[in-house]
Amino acid sequence: MSTRILLAALAALAGVFALSACSLFEDDEERLPGVRIPVRAVEEERTAPPALVAEIGGIGAPVRNASWTQVNGDPTHGGGHFAAGASLSVAWRGDIGVGGDRLTAAPVVDGGRVFTLDSEAQVSGFSTSGGRQWSVDLSPGNEGGEVGFGGGLAIDGGRLFVTTGFGEVVALDPASGSEIWRQKMPAPIRAAPAAAGGVVIAVARDNTAMAFGAEDGSVRWRVGGASSGAGIFGGASPAISPGGVAILPFGSGELIAVRAATGQRLWSDVLSGGRRGLARAVISDISADPVIIGVAVIAGNQSGRLGAIDGRNGRRGWTRDFGARGPVWAEGQTIWLVTDTAELKRLSAQDGSTLWSVPLPEYDDPDDRTGAFAYGGPVLAGGRLLLTSSDGALLSFDPTTGAAGASVPISGLSGVPPVVADGTVYVVTTGGQLVALR
(Lines give C-alpha, C1' and ligand atoms only; values in the text may rest on other atoms or scores of the structure.)
Protein backbone atom coordinates (compact mmCIF):
# COMPACT_ATOMS: atom_id res chain seq x y z
CA MET A 1 0.00 0.00 0.00
CA SER A 2 1.40 3.43 -0.97
CA THR A 3 1.98 6.13 1.62
CA ARG A 4 -0.70 8.32 0.00
CA ILE A 5 -3.35 5.58 0.20
CA LEU A 6 -2.43 4.76 3.80
CA LEU A 7 -2.75 8.41 4.86
CA ALA A 8 -6.16 8.67 3.17
CA ALA A 9 -7.41 5.58 5.01
CA LEU A 10 -6.20 6.90 8.34
CA ALA A 11 -7.93 10.21 7.68
CA ALA A 12 -11.21 8.43 6.95
CA LEU A 13 -10.94 6.42 10.16
CA ALA A 14 -10.24 9.57 12.13
CA GLY A 15 -13.42 11.09 10.73
CA VAL A 16 -15.46 8.06 11.80
CA PHE A 17 -14.03 8.17 15.34
CA ALA A 18 -14.70 11.91 15.54
CA LEU A 19 -18.33 11.38 14.60
CA SER A 20 -18.62 8.56 17.14
CA ALA A 21 -17.14 10.75 19.86
CA CYS A 22 -19.66 13.48 19.11
CA SER A 23 -22.58 11.06 19.45
CA LEU A 24 -21.22 9.63 22.68
CA PHE A 25 -20.23 12.75 24.58
CA GLU A 26 -22.12 15.78 23.31
CA ASP A 27 -25.18 16.68 25.39
CA ASP A 28 -26.84 18.75 22.67
CA GLU A 29 -27.09 15.99 20.09
CA GLU A 30 -29.91 16.69 17.67
CA ARG A 31 -32.50 13.91 17.46
CA LEU A 32 -34.26 13.30 14.18
CA PRO A 33 -38.06 13.38 14.26
CA GLY A 34 -40.10 10.24 13.76
CA VAL A 35 -41.15 7.04 15.48
CA ARG A 36 -38.33 4.86 16.78
CA ILE A 37 -38.79 1.14 16.15
CA PRO A 38 -36.91 -1.36 18.35
CA VAL A 39 -34.52 -3.60 16.42
CA ARG A 40 -35.07 -6.50 18.83
CA ALA A 41 -38.29 -8.46 18.78
CA VAL A 42 -40.77 -7.49 21.47
CA GLU A 43 -43.35 -9.97 22.70
CA GLU A 44 -46.84 -9.07 21.56
CA GLU A 45 -49.30 -8.73 24.41
CA ARG A 46 -50.95 -12.08 25.05
CA THR A 47 -54.50 -10.85 25.57
CA ALA A 48 -57.14 -13.03 27.21
CA PRO A 49 -59.91 -14.06 24.76
CA PRO A 50 -63.41 -12.64 25.38
CA ALA A 51 -64.76 -16.01 26.51
CA LEU A 52 -62.12 -16.27 29.23
CA VAL A 53 -62.71 -12.68 30.33
CA ALA A 54 -66.43 -13.42 30.65
CA GLU A 55 -65.71 -16.59 32.59
CA ILE A 56 -63.41 -14.81 35.04
CA GLY A 57 -65.84 -11.95 35.51
CA GLY A 58 -65.59 -9.61 38.46
CA ILE A 59 -64.18 -10.00 41.95
CA GLY A 60 -65.59 -11.57 45.09
CA ALA A 61 -67.04 -9.67 48.04
CA PRO A 62 -64.55 -8.29 50.56
CA VAL A 63 -63.87 -10.19 53.78
CA ARG A 64 -63.01 -8.49 57.06
CA ASN A 65 -59.71 -10.01 58.16
CA ALA A 66 -58.60 -9.61 61.78
CA SER A 67 -54.92 -10.32 61.11
CA TRP A 68 -52.16 -9.88 58.56
CA THR A 69 -49.48 -12.25 59.76
CA GLN A 70 -47.00 -12.65 56.87
CA VAL A 71 -46.16 -11.50 53.33
CA ASN A 72 -49.43 -10.91 51.44
CA GLY A 73 -51.34 -11.76 54.61
CA ASP A 74 -50.55 -15.45 55.32
CA PRO A 75 -47.94 -18.21 54.75
CA THR A 76 -49.17 -18.98 51.22
CA HIS A 77 -48.92 -15.29 50.18
CA GLY A 78 -52.17 -16.01 48.39
CA GLY A 79 -54.00 -12.72 48.87
CA GLY A 80 -57.80 -12.42 48.71
CA HIS A 81 -60.18 -9.48 48.95
CA PHE A 82 -60.12 -7.67 52.27
CA ALA A 83 -62.49 -5.09 53.71
CA ALA A 84 -61.47 -1.43 53.87
CA GLY A 85 -63.25 1.91 53.91
CA ALA A 86 -64.61 3.48 50.74
CA SER A 87 -62.38 6.49 51.37
CA LEU A 88 -59.16 6.59 53.38
CA SER A 89 -57.62 9.27 55.56
CA VAL A 90 -54.88 9.25 58.17
CA ALA A 91 -56.15 8.02 61.56
CA TRP A 92 -52.85 8.05 63.46
CA ARG A 93 -49.06 7.93 63.10
CA GLY A 94 -46.33 6.28 65.15
CA ASP A 95 -42.53 6.38 65.20
CA ILE A 96 -40.94 3.03 64.23
CA GLY A 97 -37.28 4.15 64.47
CA VAL A 98 -34.93 4.58 61.50
CA GLY A 99 -36.45 4.67 58.03
CA GLY A 100 -34.53 5.65 54.91
CA ASP A 101 -34.16 3.96 51.54
CA ARG A 102 -33.04 0.72 53.19
CA LEU A 103 -36.40 0.12 54.85
CA THR A 104 -37.76 -3.17 53.46
CA ALA A 105 -40.10 -4.73 56.05
CA ALA A 106 -43.88 -4.42 55.83
CA PRO A 107 -45.82 -4.40 59.12
CA VAL A 108 -47.73 -7.42 60.43
CA VAL A 109 -50.93 -7.30 62.48
CA ASP A 110 -52.33 -9.71 65.04
CA GLY A 111 -54.12 -9.71 68.39
CA GLY A 112 -54.93 -5.99 68.36
CA ARG A 113 -51.29 -5.01 67.73
CA VAL A 114 -49.24 -3.81 64.75
CA PHE A 115 -45.57 -4.77 64.59
CA THR A 116 -42.83 -3.01 62.62
CA LEU A 117 -39.14 -3.50 61.84
CA ASP A 118 -37.03 -0.46 61.03
CA SER A 119 -33.90 -0.37 58.83
CA GLU A 120 -31.55 -0.99 61.77
CA ALA A 121 -33.21 -4.04 63.40
CA GLN A 122 -35.46 -2.23 65.87
CA VAL A 123 -38.81 -3.96 66.38
CA SER A 124 -41.82 -2.10 67.79
CA GLY A 125 -45.30 -3.10 68.88
CA PHE A 126 -48.21 -0.65 68.54
CA SER A 127 -51.83 -0.80 69.59
CA THR A 128 -54.15 -0.86 66.58
CA SER A 129 -55.82 2.21 68.12
CA GLY A 130 -52.49 4.07 68.10
CA GLY A 131 -49.56 4.37 70.47
CA ARG A 132 -46.34 2.37 70.75
CA GLN A 133 -46.43 -0.23 73.53
CA TRP A 134 -42.87 -1.52 73.36
CA SER A 135 -39.67 -1.38 71.33
CA VAL A 136 -36.57 -3.62 71.26
CA ASP A 137 -33.23 -3.34 69.46
CA LEU A 138 -32.23 -6.70 67.95
CA SER A 139 -28.83 -5.67 66.61
CA PRO A 140 -26.04 -7.80 68.15
CA GLY A 141 -24.52 -5.79 70.98
CA ASN A 142 -26.84 -2.98 69.89
CA GLU A 143 -24.47 -2.26 66.99
CA GLY A 144 -27.09 -0.71 64.74
CA GLY A 145 -25.85 0.89 61.54
CA GLU A 146 -26.54 0.28 57.88
CA VAL A 147 -25.05 -3.23 57.82
CA GLY A 148 -28.12 -4.52 59.61
CA PHE A 149 -30.73 -3.38 57.11
CA GLY A 150 -33.35 -5.73 55.71
CA GLY A 151 -35.24 -8.67 57.14
CA GLY A 152 -38.90 -8.95 57.99
CA LEU A 153 -41.66 -10.20 60.26
CA ALA A 154 -44.06 -13.12 60.61
CA ILE A 155 -46.53 -14.20 63.30
CA ASP A 156 -47.65 -17.74 64.02
CA GLY A 157 -48.76 -19.62 67.11
CA GLY A 158 -48.73 -16.55 69.32
CA ARG A 159 -45.10 -15.66 68.59
CA LEU A 160 -43.49 -12.88 66.56
CA PHE A 161 -40.60 -14.07 64.37
CA VAL A 162 -38.04 -11.58 63.07
CA THR A 163 -35.26 -11.95 60.50
CA THR A 164 -32.52 -9.31 60.43
CA GLY A 165 -29.75 -8.06 58.19
CA PHE A 166 -27.35 -9.29 60.86
CA GLY A 167 -28.18 -12.85 59.80
CA GLU A 168 -30.31 -13.75 62.80
CA VAL A 169 -33.74 -15.22 63.37
CA VAL A 170 -35.35 -14.12 66.63
CA ALA A 171 -38.59 -15.15 68.36
CA LEU A 172 -40.32 -12.52 70.51
CA ASP A 173 -43.31 -12.36 72.82
CA PRO A 174 -45.82 -10.16 70.93
CA ALA A 175 -47.23 -8.74 74.17
CA SER A 176 -43.96 -7.43 75.61
CA GLY A 177 -41.22 -7.78 72.99
CA SER A 178 -39.19 -10.02 75.31
CA GLU A 179 -36.84 -12.42 73.55
CA ILE A 180 -37.71 -16.13 73.57
CA TRP A 181 -34.89 -17.51 71.40
CA ARG A 182 -32.31 -16.38 68.85
CA GLN A 183 -30.50 -18.30 66.10
CA LYS A 184 -27.71 -17.35 63.71
CA MET A 185 -27.66 -17.96 59.95
CA PRO A 186 -24.50 -17.91 57.79
CA ALA A 187 -25.28 -14.64 55.96
CA PRO A 188 -27.52 -11.55 56.17
CA ILE A 189 -31.26 -12.09 55.72
CA ARG A 190 -32.96 -9.41 53.64
CA ALA A 191 -36.51 -10.81 53.42
CA ALA A 192 -39.23 -11.86 55.85
CA PRO A 193 -39.51 -15.44 57.17
CA ALA A 194 -42.45 -17.78 56.71
CA ALA A 195 -43.97 -19.66 59.65
CA ALA A 196 -46.55 -22.46 59.84
CA GLY A 197 -46.95 -25.92 61.35
CA GLY A 198 -44.48 -25.33 64.15
CA VAL A 199 -41.53 -24.29 61.95
CA VAL A 200 -40.01 -20.95 60.93
CA ILE A 201 -38.20 -20.82 57.58
CA ALA A 202 -35.77 -18.13 56.41
CA VAL A 203 -33.50 -17.71 53.37
CA ALA A 204 -30.12 -15.97 53.75
CA ARG A 205 -28.30 -14.10 51.01
CA ASP A 206 -25.71 -16.86 50.58
CA ASN A 207 -28.58 -19.04 49.25
CA THR A 208 -28.96 -21.05 52.43
CA ALA A 209 -32.46 -21.85 53.69
CA MET A 210 -32.95 -23.03 57.27
CA ALA A 211 -35.93 -24.12 59.33
CA PHE A 212 -36.18 -23.69 63.10
CA GLY A 213 -38.59 -25.10 65.64
CA ALA A 214 -41.06 -22.37 66.56
CA GLU A 215 -41.05 -23.32 70.23
CA ASP A 216 -37.34 -23.52 71.03
CA GLY A 217 -35.44 -22.37 67.92
CA SER A 218 -33.86 -25.79 67.34
CA VAL A 219 -32.46 -26.30 63.84
CA ARG A 220 -34.77 -28.63 61.92
CA TRP A 221 -33.05 -28.65 58.53
CA ARG A 222 -30.82 -26.78 56.09
CA VAL A 223 -31.10 -26.60 52.27
CA GLY A 224 -28.63 -24.87 49.96
CA GLY A 225 -29.22 -23.39 46.53
CA ALA A 226 -26.69 -22.80 43.76
CA SER A 227 -24.23 -19.96 44.22
CA SER A 228 -25.04 -16.61 42.65
CA GLY A 229 -23.65 -13.13 42.28
CA ALA A 230 -25.37 -9.85 43.03
CA GLY A 231 -28.98 -9.92 44.22
CA ILE A 232 -31.83 -7.47 44.35
CA PHE A 233 -32.48 -5.19 47.28
CA GLY A 234 -34.70 -7.04 49.74
CA GLY A 235 -34.88 -10.53 48.23
CA ALA A 236 -37.91 -12.83 48.41
CA SER A 237 -39.63 -14.71 51.23
CA PRO A 238 -40.47 -18.43 51.36
CA ALA A 239 -44.08 -19.59 51.12
CA ILE A 240 -45.72 -22.55 52.87
CA SER A 241 -48.76 -24.42 51.54
CA PRO A 242 -51.61 -25.71 53.73
CA GLY A 243 -50.31 -29.20 52.94
CA GLY A 244 -46.91 -28.44 54.46
CA VAL A 245 -44.83 -27.85 51.33
CA ALA A 246 -42.37 -24.93 51.51
CA ILE A 247 -41.28 -23.04 48.38
CA LEU A 248 -37.77 -21.61 48.80
CA PRO A 249 -36.66 -18.70 46.55
CA PHE A 250 -32.93 -18.18 45.98
CA GLY A 251 -30.72 -15.49 44.46
CA SER A 252 -29.68 -17.99 41.79
CA GLY A 253 -33.22 -17.89 40.38
CA GLU A 254 -33.96 -21.33 41.80
CA LEU A 255 -37.27 -22.30 43.35
CA ILE A 256 -36.90 -25.43 45.50
CA ALA A 257 -39.91 -27.20 47.01
CA VAL A 258 -39.33 -29.12 50.24
CA ARG A 259 -41.33 -30.70 53.05
CA ALA A 260 -41.65 -27.88 55.56
CA ALA A 261 -41.30 -30.27 58.49
CA THR A 262 -38.25 -32.22 57.29
CA GLY A 263 -36.59 -30.34 54.43
CA GLN A 264 -37.00 -33.29 52.06
CA ARG A 265 -36.60 -32.04 48.49
CA LEU A 266 -39.58 -32.53 46.21
CA TRP A 267 -38.67 -30.60 43.06
CA SER A 268 -36.73 -27.60 41.80
CA ASP A 269 -36.94 -25.18 38.89
CA VAL A 270 -34.89 -22.22 37.70
CA LEU A 271 -36.77 -19.07 36.79
CA SER A 272 -34.35 -17.79 34.16
CA GLY A 273 -34.67 -15.23 31.43
CA GLY A 274 -34.40 -11.49 31.12
CA ARG A 275 -34.72 -8.54 28.81
CA ARG A 276 -31.85 -8.14 26.37
CA GLY A 277 -29.78 -4.98 26.55
CA LEU A 278 -30.43 -4.33 30.24
CA ALA A 279 -27.64 -4.58 32.80
CA ARG A 280 -30.05 -5.91 35.42
CA ALA A 281 -30.88 -8.87 33.19
CA VAL A 282 -27.74 -10.61 34.45
CA ILE A 283 -29.15 -10.63 38.01
CA SER A 284 -31.02 -13.89 38.43
CA ASP A 285 -32.59 -13.13 41.81
CA ILE A 286 -36.26 -13.86 42.51
CA SER A 287 -38.01 -10.53 43.14
CA ALA A 288 -41.63 -11.70 43.18
CA ASP A 289 -42.00 -13.82 46.33
CA PRO A 290 -43.56 -17.19 45.46
CA VAL A 291 -47.35 -17.21 45.79
CA ILE A 292 -49.29 -20.46 46.25
CA ILE A 293 -52.73 -20.51 44.60
CA GLY A 294 -54.34 -23.92 44.89
CA VAL A 295 -51.77 -26.29 43.35
CA ALA A 296 -49.98 -23.52 41.41
CA VAL A 297 -46.87 -21.60 42.45
CA ILE A 298 -46.42 -18.22 40.76
CA ALA A 299 -43.15 -16.30 41.01
CA GLY A 300 -41.10 -13.85 38.96
CA ASN A 301 -37.71 -12.22 38.65
CA GLN A 302 -36.81 -8.57 38.14
CA SER A 303 -35.23 -9.01 34.72
CA GLY A 304 -38.12 -10.21 32.60
CA ARG A 305 -39.72 -13.52 33.52
CA LEU A 306 -42.93 -14.52 35.32
CA GLY A 307 -44.06 -18.13 35.54
CA ALA A 308 -46.55 -20.58 37.01
CA ILE A 309 -45.38 -24.00 38.23
CA ASP A 310 -47.39 -27.04 39.29
CA GLY A 311 -46.60 -27.26 43.00
CA ARG A 312 -47.19 -31.03 43.05
CA ASN A 313 -44.44 -31.99 40.61
CA GLY A 314 -42.55 -28.86 39.54
CA ARG A 315 -43.76 -28.94 35.96
CA ARG A 316 -43.78 -25.53 34.29
CA GLY A 317 -47.20 -24.20 33.34
CA TRP A 318 -47.27 -20.81 31.64
CA THR A 319 -44.61 -18.11 31.44
CA ARG A 320 -44.62 -14.45 30.42
CA ASP A 321 -41.76 -12.32 29.11
CA PHE A 322 -41.92 -9.72 31.87
CA GLY A 323 -40.88 -9.85 35.48
CA ALA A 324 -42.47 -8.56 38.67
CA ARG A 325 -41.29 -6.11 41.31
CA GLY A 326 -43.01 -7.94 44.15
CA PRO A 327 -45.35 -10.85 44.81
CA VAL A 328 -48.46 -11.11 42.64
CA TRP A 329 -51.83 -10.62 44.33
CA ALA A 330 -54.42 -13.32 43.71
CA GLU A 331 -58.20 -13.39 44.03
CA GLY A 332 -60.54 -15.79 42.30
CA GLN A 333 -59.15 -16.74 38.89
CA THR A 334 -56.98 -13.69 38.33
CA ILE A 335 -53.76 -12.14 39.59
CA TRP A 336 -52.51 -8.57 39.65
CA LEU A 337 -48.91 -7.37 39.66
CA VAL A 338 -46.54 -4.49 38.97
CA THR A 339 -44.10 -5.62 36.27
CA ASP A 340 -40.37 -4.96 36.11
CA THR A 341 -41.11 -2.09 33.69
CA ALA A 342 -43.73 -0.49 35.98
CA GLU A 343 -46.93 -1.72 34.36
CA LEU A 344 -49.90 -2.65 36.52
CA LYS A 345 -51.45 -5.77 34.99
CA ARG A 346 -54.34 -8.11 35.56
CA LEU A 347 -53.70 -11.65 34.30
CA SER A 348 -55.63 -14.88 34.10
CA ALA A 349 -54.25 -17.29 36.67
CA GLN A 350 -55.12 -20.14 34.28
CA ASP A 351 -52.84 -19.26 31.37
CA GLY A 352 -51.18 -15.94 32.23
CA SER A 353 -53.01 -14.01 29.50
CA THR A 354 -53.61 -10.28 30.03
CA LEU A 355 -57.03 -8.85 30.89
CA TRP A 356 -55.77 -5.28 31.09
CA SER A 357 -52.53 -3.34 31.48
CA VAL A 358 -51.90 0.19 32.78
CA PRO A 359 -48.50 1.93 32.56
CA LEU A 360 -47.21 3.57 35.74
CA PRO A 361 -44.57 6.33 35.88
CA GLU A 362 -41.22 4.51 35.84
CA TYR A 363 -38.72 7.36 36.26
CA ASP A 364 -38.72 10.85 37.67
CA ASP A 365 -36.72 11.79 34.54
CA PRO A 366 -37.88 9.44 31.76
CA ASP A 367 -35.48 10.89 29.16
CA ASP A 368 -32.37 10.17 31.23
CA ARG A 369 -33.98 7.15 32.96
CA THR A 370 -32.99 8.42 36.39
CA GLY A 371 -34.91 8.58 39.66
CA ALA A 372 -36.70 5.22 39.36
CA PHE A 373 -39.99 5.04 41.26
CA ALA A 374 -40.59 2.17 43.68
CA TYR A 375 -44.01 0.55 44.04
CA GLY A 376 -45.36 -1.75 46.75
CA GLY A 377 -48.32 -4.03 46.24
CA PRO A 378 -50.88 -4.31 44.77
CA VAL A 379 -53.28 -5.28 47.55
CA LEU A 380 -57.00 -5.80 46.89
CA ALA A 381 -59.01 -4.08 49.62
CA GLY A 382 -62.36 -2.35 49.73
CA GLY A 383 -63.11 -3.03 46.05
CA ARG A 384 -59.91 -1.44 44.74
CA LEU A 385 -56.23 -2.18 44.23
CA LEU A 386 -53.94 -0.27 46.58
CA LEU A 387 -50.29 0.47 45.79
CA THR A 388 -47.68 2.47 47.61
CA SER A 389 -45.51 4.73 45.48
CA SER A 390 -42.19 6.34 46.34
CA ASP A 391 -43.58 9.38 44.55
CA GLY A 392 -45.42 10.00 47.84
CA ALA A 393 -48.95 8.64 47.42
CA LEU A 394 -51.12 5.64 48.18
CA LEU A 395 -52.57 4.87 44.74
CA SER A 396 -55.83 3.10 43.92
CA PHE A 397 -57.13 1.39 40.78
CA ASP A 398 -60.29 -0.39 39.71
CA PRO A 399 -59.44 -4.12 39.79
CA THR A 400 -61.77 -5.02 36.91
CA THR A 401 -60.80 -2.25 34.46
CA GLY A 402 -57.54 -0.73 35.68
CA ALA A 403 -59.04 2.76 35.85
CA ALA A 404 -57.22 5.04 38.28
CA GLY A 405 -59.06 6.09 41.43
CA ALA A 406 -58.43 8.59 44.17
CA SER A 407 -54.95 8.67 45.73
CA VAL A 408 -53.93 9.65 49.26
CA PRO A 409 -50.80 11.84 49.52
CA ILE A 410 -48.40 10.58 52.20
CA SER A 411 -45.06 12.30 52.55
CA GLY A 412 -42.06 9.97 52.39
CA LEU A 413 -44.05 6.93 51.32
CA SER A 414 -41.75 4.09 50.25
CA GLY A 415 -42.05 1.04 48.03
CA VAL A 416 -42.88 -1.16 51.03
CA PRO A 417 -46.36 -2.62 50.30
CA PRO A 418 -49.44 -1.69 52.32
CA VAL A 419 -51.08 -4.17 54.69
CA VAL A 420 -54.75 -4.40 55.66
CA ALA A 421 -56.38 -5.69 58.84
CA ASP A 422 -59.78 -5.09 60.43
CA GLY A 423 -60.63 -2.44 57.83
CA THR A 424 -57.47 -0.39 58.46
CA VAL A 425 -54.65 0.13 55.94
CA TYR A 426 -51.12 0.43 57.34
CA VAL A 427 -48.07 1.82 55.51
CA VAL A 428 -44.53 2.76 56.55
CA THR A 429 -42.52 5.74 55.34
CA THR A 430 -38.87 6.51 54.73
CA GLY A 431 -39.15 8.98 57.59
CA GLY A 432 -39.61 6.04 59.97
CA GLN A 433 -43.35 6.47 60.48
CA LEU A 434 -46.15 3.91 60.71
CA VAL A 435 -49.29 5.45 59.23
CA ALA A 436 -52.78 4.00 59.83
CA LEU A 437 -55.56 4.92 57.38
CA ARG A 438 -59.28 4.35 57.80
# chains A, B, ... in the order shown; residues from 1 in each chain; ligands from 1
call {"tool": "residues_around", "arguments": {"residues": "Gly217 of chain A", "least_positions_apart": "3", "cutoff": "9 Å", "atoms": "only C-alpha atoms", "output": "PyMOL selection string"}}
result
chain A and resi 169-171+180-183+199-200+211-214+220
call {"tool": "select_by_dssp", "arguments": {"residues": "segment 17-265 of chain A", "states": "strand (DSSP E or B)", "output": "MDAnalysis selection string"}}
result
chainID A and resid 47 63 68 82 84 90:95 108:110 113:117 122:127 132:137 151:156 159:164 168:172 179:184 194:196 199:203 208:213 219:224 239:240 245:249 254:259 265
call {"tool": "residues_around", "arguments": {"residues": "Ala260 of chain A", "least_positions_apart": "5", "cutoff": "6 Å", "atoms": "only C-alpha atoms", "output": "PDB file with N, CA, C and O atoms, in the first residue's frame"}}
result
ATOM      1  N   GLY A 244     -48.232 -28.310  53.864  1.00  0.00           N
ATOM      2  CA  GLY A 244     -46.906 -28.439  54.463  1.00  0.00           C
ATOM      3  C   GLY A 244     -45.759 -28.495  53.493  1.00  0.00           C
ATOM      4  O   GLY A 244     -44.692 -29.020  53.819  1.00  0.00           O
ATOM      5  N   VAL A 245     -45.920 -27.944  52.293  1.00  0.00           N
ATOM      6  CA  VAL A 245     -44.826 -27.845  51.328  1.00  0.00           C
ATOM      7  C   VAL A 245     -44.304 -26.408  51.347  1.00  0.00           C
ATOM      8  O   VAL A 245     -45.079 -25.462  51.230  1.00  0.00           O
ATOM      9  N   ALA A 246     -42.989 -26.258  51.499  1.00  0.00           N
ATOM     10  CA  ALA A 246     -42.371 -24.931  51.514  1.00  0.00           C
ATOM     11  C   ALA A 246     -41.707 -24.668  50.168  1.00  0.00           C
ATOM     12  O   ALA A 246     -41.017 -25.534  49.621  1.00  0.00           O
TER      13      ALA A 246
END
call {"tool": "select_by_dssp", "arguments": {"residues": "segment 136-247 of chain A", "states": "helix (DSSP H, G or I)", "output": "ChimeraX atom specification"}}
result
/A:140-142,146-148
